[in-house]
Every structure is written in structure tokens, then in C-alpha cells.
$ cat structure04.cif   # mmCIF, N, CA and C atoms
data_run
loop_
_atom_site.group_PDB
_atom_site.id
_atom_site.type_symbol
_atom_site.label_atom_id
_atom_site.label_comp_id
_atom_site.auth_asym_id
_atom_site.auth_seq_id
_atom_site.Cartn_x
_atom_site.Cartn_y
_atom_site.Cartn_z
ATOM 1 N N MET K 64 -17.008 182.393 -108.724
ATOM 2 C CA MET K 64 -17.270 183.245 -107.572
ATOM 3 C C MET K 64 -18.412 184.212 -107.868
ATOM 4 N N ILE K 65 -18.458 184.749 -109.069
ATOM 5 C CA ILE K 65 -19.549 185.651 -109.435
ATOM 6 C C ILE K 65 -20.871 184.898 -109.425
ATOM 7 N N GLU K 66 -20.878 183.650 -109.906
ATOM 8 C CA GLU K 66 -22.100 182.860 -109.893
ATOM 9 C C GLU K 66 -22.583 182.624 -108.468
ATOM 10 N N GLU K 67 -21.667 182.359 -107.545
ATOM 11 C CA GLU K 67 -22.052 182.163 -106.146
ATOM 12 C C GLU K 67 -22.674 183.424 -105.577
ATOM 13 N N ASP K 68 -22.101 184.602 -105.908
ATOM 14 C CA ASP K 68 -22.652 185.860 -105.427
ATOM 15 C C ASP K 68 -24.056 186.075 -105.978
ATOM 16 N N LEU K 69 -24.271 185.751 -107.250
ATOM 17 C CA LEU K 69 -25.595 185.906 -107.848
ATOM 18 C C LEU K 69 -26.595 184.966 -107.187
ATOM 19 N N GLN K 70 -26.185 183.727 -106.933
ATOM 20 C CA GLN K 70 -27.077 182.785 -106.278
ATOM 21 C C GLN K 70 -27.421 183.259 -104.874
ATOM 22 N N GLU K 71 -26.444 183.808 -104.165
ATOM 23 C CA GLU K 71 -26.680 184.296 -102.806
ATOM 24 C C GLU K 71 -27.638 185.487 -102.825
ATOM 25 N N LYS K 72 -27.510 186.367 -103.828
ATOM 26 C CA LYS K 72 -28.398 187.525 -103.919
ATOM 27 C C LYS K 72 -29.822 187.110 -104.244
ATOM 28 N N GLU K 73 -29.987 185.998 -104.944
ATOM 29 C CA GLU K 73 -31.314 185.544 -105.337
ATOM 30 C C GLU K 73 -32.061 184.855 -104.202
ATOM 31 N N LYS K 74 -31.362 184.465 -103.160
ATOM 32 C CA LYS K 74 -32.011 183.795 -102.037
ATOM 33 C C LYS K 74 -32.820 184.792 -101.226
ATOM 34 N N SER K 75 -33.995 184.368 -100.823
ATOM 35 C CA SER K 75 -34.849 185.240 -100.013
ATOM 36 C C SER K 75 -34.289 185.350 -98.603
ATOM 37 N N PRO K 76 -34.632 186.425 -97.911
ATOM 38 C CA PRO K 76 -34.191 186.567 -96.516
ATOM 39 C C PRO K 76 -34.661 185.411 -95.634
ATOM 40 N N LEU K 77 -35.852 184.891 -95.896
ATOM 41 C CA LEU K 77 -36.360 183.776 -95.086
ATOM 42 C C LEU K 77 -35.526 182.517 -95.335
ATOM 43 N N ARG K 78 -35.158 182.270 -96.568
ATOM 44 C CA ARG K 78 -34.311 181.117 -96.878
ATOM 45 C C ARG K 78 -32.939 181.284 -96.230
ATOM 46 N N LEU K 79 -32.387 182.497 -96.320
ATOM 47 C CA LEU K 79 -31.085 182.739 -95.700
ATOM 48 C C LEU K 79 -31.141 182.522 -94.194
ATOM 49 N N LEU K 80 -32.235 182.936 -93.576
ATOM 50 C CA LEU K 80 -32.398 182.733 -92.134
ATOM 51 C C LEU K 80 -32.424 181.248 -91.803
ATOM 52 N N ARG K 81 -33.152 180.474 -92.600
ATOM 53 C CA ARG K 81 -33.200 179.023 -92.392
ATOM 54 C C ARG K 81 -31.812 178.406 -92.556
ATOM 55 N N GLU K 82 -31.120 178.833 -93.600
ATOM 56 C CA GLU K 82 -29.787 178.289 -93.852
ATOM 57 C C GLU K 82 -28.792 178.708 -92.773
ATOM 58 N N GLN K 83 -28.920 179.936 -92.256
ATOM 59 C CA GLN K 83 -28.042 180.386 -91.175
ATOM 60 C C GLN K 83 -28.265 179.554 -89.915
ATOM 61 N N ALA K 84 -29.491 179.061 -89.760
ATOM 62 C CA ALA K 84 -29.792 178.188 -88.622
ATOM 63 C C ALA K 84 -29.279 176.766 -88.873
ATOM 64 N N GLY K 85 -28.733 176.541 -90.073
ATOM 65 C CA GLY K 85 -28.181 175.230 -90.404
ATOM 66 C C GLY K 85 -29.235 174.177 -90.679
ATOM 67 N N LEU K 86 -30.398 174.625 -91.173
ATOM 68 C CA LEU K 86 -31.507 173.706 -91.385
ATOM 69 C C LEU K 86 -31.890 173.593 -92.855
ATOM 70 N N THR K 87 -32.341 172.410 -93.232
ATOM 71 C CA THR K 87 -32.881 172.172 -94.567
ATOM 72 C C THR K 87 -34.398 172.209 -94.479
ATOM 73 N N ARG K 88 -35.064 172.275 -95.604
ATOM 74 C CA ARG K 88 -36.526 172.247 -95.580
ATOM 75 C C ARG K 88 -37.056 170.954 -94.960
ATOM 76 N N PRO K 89 -36.481 169.789 -95.294
ATOM 77 C CA PRO K 89 -36.977 168.573 -94.627
ATOM 78 C C PRO K 89 -36.824 168.614 -93.103
ATOM 79 N N GLN K 90 -35.757 169.234 -92.617
ATOM 80 C CA GLN K 90 -35.575 169.337 -91.164
ATOM 81 C C GLN K 90 -36.630 170.253 -90.548
ATOM 82 N N VAL K 91 -36.941 171.362 -91.218
ATOM 83 C CA VAL K 91 -37.982 172.270 -90.723
ATOM 84 C C VAL K 91 -39.322 171.545 -90.729
ATOM 85 N N LYS K 92 -39.582 170.792 -91.788
ATOM 86 C CA LYS K 92 -40.822 170.012 -91.878
ATOM 87 C C LYS K 92 -40.944 169.081 -90.678
ATOM 88 N N GLU K 93 -39.860 168.411 -90.344
ATOM 89 C CA GLU K 93 -39.864 167.471 -89.230
ATOM 90 C C GLU K 93 -40.071 168.177 -87.887
ATOM 91 N N LYS K 94 -39.448 169.337 -87.715
ATOM 92 C CA LYS K 94 -39.478 170.018 -86.420
ATOM 93 C C LYS K 94 -40.777 170.769 -86.152
ATOM 94 N N ILE K 95 -41.359 171.391 -87.205
ATOM 95 C CA ILE K 95 -42.576 172.174 -86.948
ATOM 96 C C ILE K 95 -43.780 171.719 -87.774
ATOM 97 N N GLY K 96 -43.601 170.664 -88.574
ATOM 98 C CA GLY K 96 -44.741 170.076 -89.269
ATOM 99 C C GLY K 96 -45.280 170.886 -90.437
ATOM 100 N N ILE K 97 -44.422 171.605 -91.117
ATOM 101 C CA ILE K 97 -44.832 172.415 -92.267
ATOM 102 C C ILE K 97 -44.267 171.777 -93.527
ATOM 103 N N SER K 98 -45.103 171.600 -94.538
ATOM 104 C CA SER K 98 -44.644 170.946 -95.759
ATOM 105 C C SER K 98 -43.541 171.750 -96.443
ATOM 106 N N GLU K 99 -42.713 171.045 -97.173
ATOM 107 C CA GLU K 99 -41.645 171.707 -97.920
ATOM 108 C C GLU K 99 -42.226 172.642 -98.983
ATOM 109 N N ARG K 100 -43.344 172.277 -99.573
ATOM 110 C CA ARG K 100 -43.997 173.117 -100.582
ATOM 111 C C ARG K 100 -44.426 174.448 -99.970
ATOM 112 N N ARG K 101 -45.025 174.374 -98.786
ATOM 113 C CA ARG K 101 -45.460 175.595 -98.103
ATOM 114 C C ARG K 101 -44.255 176.468 -97.758
ATOM 115 N N GLN K 102 -43.180 175.840 -97.272
ATOM 116 C CA GLN K 102 -41.964 176.590 -96.969
ATOM 117 C C GLN K 102 -41.431 177.278 -98.217
ATOM 118 N N ALA K 103 -41.442 176.569 -99.332
ATOM 119 C CA ALA K 103 -40.957 177.144 -100.592
ATOM 120 C C ALA K 103 -41.798 178.353 -100.975
ATOM 121 N N ASP K 104 -43.121 178.254 -100.807
ATOM 122 C CA ASP K 104 -43.993 179.388 -101.122
ATOM 123 C C ASP K 104 -43.658 180.591 -100.254
ATOM 124 N N TRP K 105 -43.393 180.359 -98.984
ATOM 125 C CA TRP K 105 -43.020 181.458 -98.086
ATOM 126 C C TRP K 105 -41.688 182.055 -98.502
ATOM 127 N N GLU K 106 -40.719 181.178 -98.792
ATOM 128 C CA GLU K 106 -39.385 181.659 -99.149
ATOM 129 C C GLU K 106 -39.380 182.397 -100.476
ATOM 130 N N LEU K 107 -40.311 182.062 -101.358
ATOM 131 C CA LEU K 107 -40.408 182.741 -102.656
ATOM 132 C C LEU K 107 -41.333 183.957 -102.599
ATOM 133 N N GLY K 108 -41.941 184.204 -101.441
ATOM 134 C CA GLY K 108 -42.827 185.346 -101.292
ATOM 135 C C GLY K 108 -44.188 185.146 -101.924
ATOM 136 N N LYS K 109 -44.557 183.903 -102.215
ATOM 137 C CA LYS K 109 -45.865 183.614 -102.818
ATOM 138 C C LYS K 109 -46.974 183.578 -101.782
ATOM 139 N N ALA K 110 -46.602 183.410 -100.519
ATOM 140 C CA ALA K 110 -47.575 183.346 -99.433
ATOM 141 C C ALA K 110 -46.885 183.773 -98.144
ATOM 142 N N LEU K 111 -47.704 184.156 -97.165
ATOM 143 C CA LEU K 111 -47.184 184.501 -95.840
ATOM 144 C C LEU K 111 -47.644 183.452 -94.836
ATOM 145 N N PRO K 112 -46.766 183.076 -93.925
ATOM 146 C CA PRO K 112 -47.178 182.131 -92.885
ATOM 147 C C PRO K 112 -48.129 182.799 -91.891
ATOM 148 N N ASN K 113 -48.928 181.979 -91.218
ATOM 149 C CA ASN K 113 -49.802 182.529 -90.184
ATOM 150 C C ASN K 113 -48.985 182.782 -88.916
ATOM 151 N N ALA K 114 -49.621 183.398 -87.942
ATOM 152 C CA ALA K 114 -48.915 183.792 -86.714
ATOM 153 C C ALA K 114 -48.306 182.594 -85.990
ATOM 154 N N GLU K 115 -49.019 181.491 -85.945
ATOM 155 C CA GLU K 115 -48.506 180.298 -85.260
ATOM 156 C C GLU K 115 -47.231 179.790 -85.938
ATOM 157 N N ASN K 116 -47.201 179.809 -87.266
ATOM 158 C CA ASN K 116 -46.016 179.347 -87.987
ATOM 159 C C ASN K 116 -44.861 180.335 -87.878
ATOM 160 N N ILE K 117 -45.173 181.631 -87.843
ATOM 161 C CA ILE K 117 -44.122 182.634 -87.646
ATOM 162 C C ILE K 117 -43.472 182.430 -86.286
ATOM 163 N N LEU K 118 -44.286 182.199 -85.277
ATOM 164 C CA LEU K 118 -43.772 181.946 -83.928
ATOM 165 C C LEU K 118 -42.910 180.683 -83.899
ATOM 166 N N ALA K 119 -43.370 179.633 -84.549
ATOM 167 C CA ALA K 119 -42.608 178.376 -84.569
ATOM 168 C C ALA K 119 -41.260 178.573 -85.252
ATOM 169 N N MET K 120 -41.242 179.310 -86.358
ATOM 170 C CA MET K 120 -39.974 179.555 -87.049
ATOM 171 C C MET K 120 -39.062 180.456 -86.236
ATOM 172 N N ALA K 121 -39.618 181.469 -85.574
ATOM 173 C CA ALA K 121 -38.800 182.344 -84.732
ATOM 174 C C ALA K 121 -38.113 181.533 -83.640
ATOM 175 N N ASN K 122 -38.855 180.625 -83.019
ATOM 176 C CA ASN K 122 -38.270 179.752 -82.001
ATOM 177 C C ASN K 122 -37.214 178.840 -82.601
ATOM 178 N N LEU K 123 -37.517 178.252 -83.736
ATOM 179 C CA LEU K 123 -36.602 177.318 -84.380
ATOM 180 C C LEU K 123 -35.329 178.010 -84.848
ATOM 181 N N TYR K 124 -35.466 179.206 -85.432
ATOM 182 C CA TYR K 124 -34.312 179.933 -85.963
ATOM 183 C C TYR K 124 -33.642 180.810 -84.908
ATOM 184 N N GLN K 125 -34.233 180.850 -83.702
ATOM 185 C CA GLN K 125 -33.685 181.620 -82.581
ATOM 186 C C GLN K 125 -33.556 183.112 -82.905
ATOM 187 N N VAL K 126 -34.650 183.697 -83.420
ATOM 188 C CA VAL K 126 -34.700 185.128 -83.702
ATOM 189 C C VAL K 126 -35.983 185.695 -83.097
ATOM 190 N N SER K 127 -36.036 187.010 -82.979
ATOM 191 C CA SER K 127 -37.220 187.656 -82.419
ATOM 192 C C SER K 127 -38.361 187.662 -83.434
ATOM 193 N N LEU K 128 -39.556 187.861 -82.917
ATOM 194 C CA LEU K 128 -40.712 187.991 -83.816
ATOM 195 C C LEU K 128 -40.552 189.206 -84.722
ATOM 196 N N LYS K 129 -39.987 190.273 -84.185
ATOM 197 C CA LYS K 129 -39.770 191.468 -84.995
ATOM 198 C C LYS K 129 -38.837 191.150 -86.169
ATOM 199 N N THR K 130 -37.792 190.383 -85.909
ATOM 200 C CA THR K 130 -36.894 189.963 -86.991
ATOM 201 C C THR K 130 -37.638 189.118 -88.004
ATOM 202 N N MET K 131 -38.483 188.210 -87.546
ATOM 203 C CA MET K 131 -39.250 187.376 -88.477
ATOM 204 C C MET K 131 -40.138 188.241 -89.370
ATOM 205 N N PHE K 132 -40.795 189.237 -88.784
ATOM 206 C CA PHE K 132 -41.645 190.104 -89.585
ATOM 207 C C PHE K 132 -40.825 190.872 -90.627
ATOM 208 N N GLU K 133 -39.654 191.347 -90.224
ATOM 209 C CA GLU K 133 -38.766 192.038 -91.167
ATOM 210 C C GLU K 133 -38.366 191.119 -92.310
ATOM 211 N N VAL K 134 -37.991 189.895 -91.970
ATOM 212 C CA VAL K 134 -37.568 188.914 -92.970
ATOM 213 C C VAL K 134 -38.706 188.612 -93.950
ATOM 214 N N LEU K 135 -39.937 188.647 -93.456
ATOM 215 C CA LEU K 135 -41.092 188.386 -94.306
ATOM 216 C C LEU K 135 -41.509 189.607 -95.121
ATOM 217 N N GLY K 136 -40.771 190.698 -94.968
ATOM 218 C CA GLY K 136 -41.035 191.883 -95.772
ATOM 219 C C GLY K 136 -42.092 192.811 -95.212
ATOM 220 N N LEU K 137 -42.414 192.646 -93.935
ATOM 221 C CA LEU K 137 -43.413 193.509 -93.311
ATOM 222 C C LEU K 137 -42.738 194.714 -92.675
ATOM 223 N N ASP K 138 -43.405 195.846 -92.725
ATOM 224 C CA ASP K 138 -42.846 197.090 -92.185
ATOM 225 C C ASP K 138 -42.972 197.090 -90.662
ATOM 226 N N VAL K 139 -41.829 197.115 -89.994
ATOM 227 C CA VAL K 139 -41.814 197.105 -88.534
ATOM 228 C C VAL K 139 -41.226 198.396 -87.964
ATOM 229 N N THR K 140 -41.105 199.418 -88.799
ATOM 230 C CA THR K 140 -40.445 200.646 -88.353
ATOM 231 C C THR K 140 -41.166 201.324 -87.188
ATOM 232 N N LYS K 141 -42.470 201.177 -87.094
ATOM 233 C CA LYS K 141 -43.205 201.844 -86.012
ATOM 234 C C LYS K 141 -43.481 200.924 -84.830
ATOM 235 N N ILE K 142 -42.986 199.707 -84.892
ATOM 236 C CA ILE K 142 -43.167 198.784 -83.774
ATOM 237 C C ILE K 142 -42.011 198.982 -82.805
ATOM 238 N N PRO K 143 -42.320 199.316 -81.552
ATOM 239 C CA PRO K 143 -41.230 199.536 -80.585
ATOM 240 C C PRO K 143 -40.543 198.228 -80.233
ATOM 241 N N ASP K 144 -39.310 198.352 -79.803
ATOM 242 C CA ASP K 144 -38.600 197.189 -79.296
ATOM 243 C C ASP K 144 -39.219 196.787 -77.972
ATOM 244 N N ASP K 145 -39.037 195.536 -77.610
ATOM 245 C CA ASP K 145 -39.579 195.052 -76.345
ATOM 246 C C ASP K 145 -38.930 195.770 -75.179
ATOM 247 N N LEU K 146 -39.702 195.969 -74.138
ATOM 248 C CA LEU K 146 -39.166 196.508 -72.896
ATOM 249 C C LEU K 146 -38.416 195.400 -72.187
ATOM 250 N N PRO K 147 -37.417 195.753 -71.401
ATOM 251 C CA PRO K 147 -36.735 194.698 -70.632
ATOM 252 C C PRO K 147 -37.741 194.026 -69.708
ATOM 253 N N SER K 148 -37.672 192.715 -69.625
ATOM 254 C CA SER K 148 -38.606 192.023 -68.741
ATOM 255 C C SER K 148 -38.197 192.256 -67.301
ATOM 256 N N ARG K 149 -39.174 192.262 -66.445
ATOM 257 C CA ARG K 149 -38.876 192.455 -65.031
ATOM 258 C C ARG K 149 -39.530 191.352 -64.245
ATOM 259 N N ASP K 150 -38.897 190.976 -63.192
ATOM 260 C CA ASP K 150 -39.437 189.935 -62.328
ATOM 261 C C ASP K 150 -40.505 190.548 -61.433
ATOM 262 N N PRO K 151 -41.646 189.902 -61.317
ATOM 263 C CA PRO K 151 -42.663 190.444 -60.421
ATOM 264 C C PRO K 151 -42.192 190.347 -58.973
ATOM 265 N N SER K 152 -42.342 191.429 -58.260
ATOM 266 C CA SER K 152 -41.946 191.419 -56.839
ATOM 267 C C SER K 152 -43.160 191.065 -56.000
ATOM 268 N N PRO K 153 -42.930 190.616 -54.807
ATOM 269 C CA PRO K 153 -44.057 190.242 -53.930
ATOM 270 C C PRO K 153 -44.988 191.412 -53.637
ATOM 271 N N ASN K 154 -44.528 192.660 -53.822
ATOM 272 C CA ASN K 154 -45.346 193.829 -53.523
ATOM 273 C C ASN K 154 -46.211 194.258 -54.699
ATOM 274 N N ASP K 155 -46.218 193.502 -55.808
ATOM 275 C CA ASP K 155 -46.989 193.871 -56.990
ATOM 276 C C ASP K 155 -48.418 193.377 -56.949
ATOM 277 N N ASN K 156 -48.963 193.090 -55.793
ATOM 278 C CA ASN K 156 -50.323 192.552 -55.675
ATOM 279 C C ASN K 156 -51.303 193.557 -56.038
#

$ encode --input "structure04.cif" --output "C-alpha cells"
Amino acid sequence: MIEEDLQEKEKSPLRLLREQAGLTRPQVKEKIGISERRQADWELGKALPNAENILAMANLYQVSLKTMFEVLGLDVTKIPDDLPSRDPSPNDN
């Protein structure tokens, strides 16, 4: 049990997010076309994905972009939360 806890602590937040989505690296590769090597580099913090890949992972993992940035270790403390979306009314011309 202690070994499992240590292994869980060693996993990066990005890897945990992928695993929480129930996906393996080969499945992510198939769905968004990113090599397993590149995914490993991101999960190990050796590289950061570009905006297009962050968006693809956010969609795939069903999380917000703000959450993705947090998971990647970027400071989002000064980024406001999204405003509630509103439907455009016919009088908004």
C-alpha cells in the first residue's frame, strides 16, 4: 500500500488527468494524433504542449482550459473565471 501511494505521488498532474479520463497514451495518440513520446515529455514536464494540443486535451479530458493550464504548472491565479454565456437576443444588433 505504501508503494502504491509513492507511485501515485510520483505521477504528474497531466498523467493523472489522462488516467482519470480512463485513457492510455496509445488511445490519446489515436484520438488527437500526438505521439506517445511527446505525451511522455509533457507528462514528465520536459516540454509544454502548444495551444492547439492543450485545447485538444481539454476537450478529450473534458476539463476547462484553465484547468489544463493549472495541470501544466502555469500560474492562473490572475486569470478570471469565464463569465456565464448568454444567448444573443434579437435586439443586440

$ residues_around --input "structure04.cif" --residues "segment 106-114 of chain K" --least-positions-apart "3" --cutoff "6.5 Å" --atoms "only N, CA and C atoms" --output "VMD selection string"
chain K and resid 75 77 to 78 101 to 103 117 to 119

$ atom_distance --input "structure04.cif" --atom1 "atom C of Trp105 of chain K" --atom2 "atom CA of Ala121 of chain K"
14.1 Å

$ atom_distance --input "structure04.cif" --atom1 "atom C of Leu86 of chain K" --atom2 "atom N of Glu133 of chain K"
19.6 Å

$ atom_distance --input "structure04.cif" --atom1 "atom CA of Val91 of chain K" --atom2 "atom N of Leu146 of chain K"
29.0 Å

$ select_by_dssp --input "structure04.cif" --residues "chain K" --states "helix (DSSP H, G or I)" --output "number ranges by chain"
K: 65-73, 76-83, 88-95, 99-106, 114-124, 128-134

$ resolve_selection --input "structure04.cif" --expression "the PyMOL selection byres ((chain K and resi 123-127) around 8)" --output "VMD selection string"
chain K and resid 80 to 81 83 to 85 94 117 to 122 128 to 133

$ axis_aligned_box --input "structure04.cif" --around "segment 93-111 of chain K" --padding-each-side "8 Å" --output "lines of an AutoDock Vina configuration file"
center_x = -43.5
center_y = 176.4
center_z = -94.5
size_x = 24.3
size_y = 33.9
size_z = 32.7
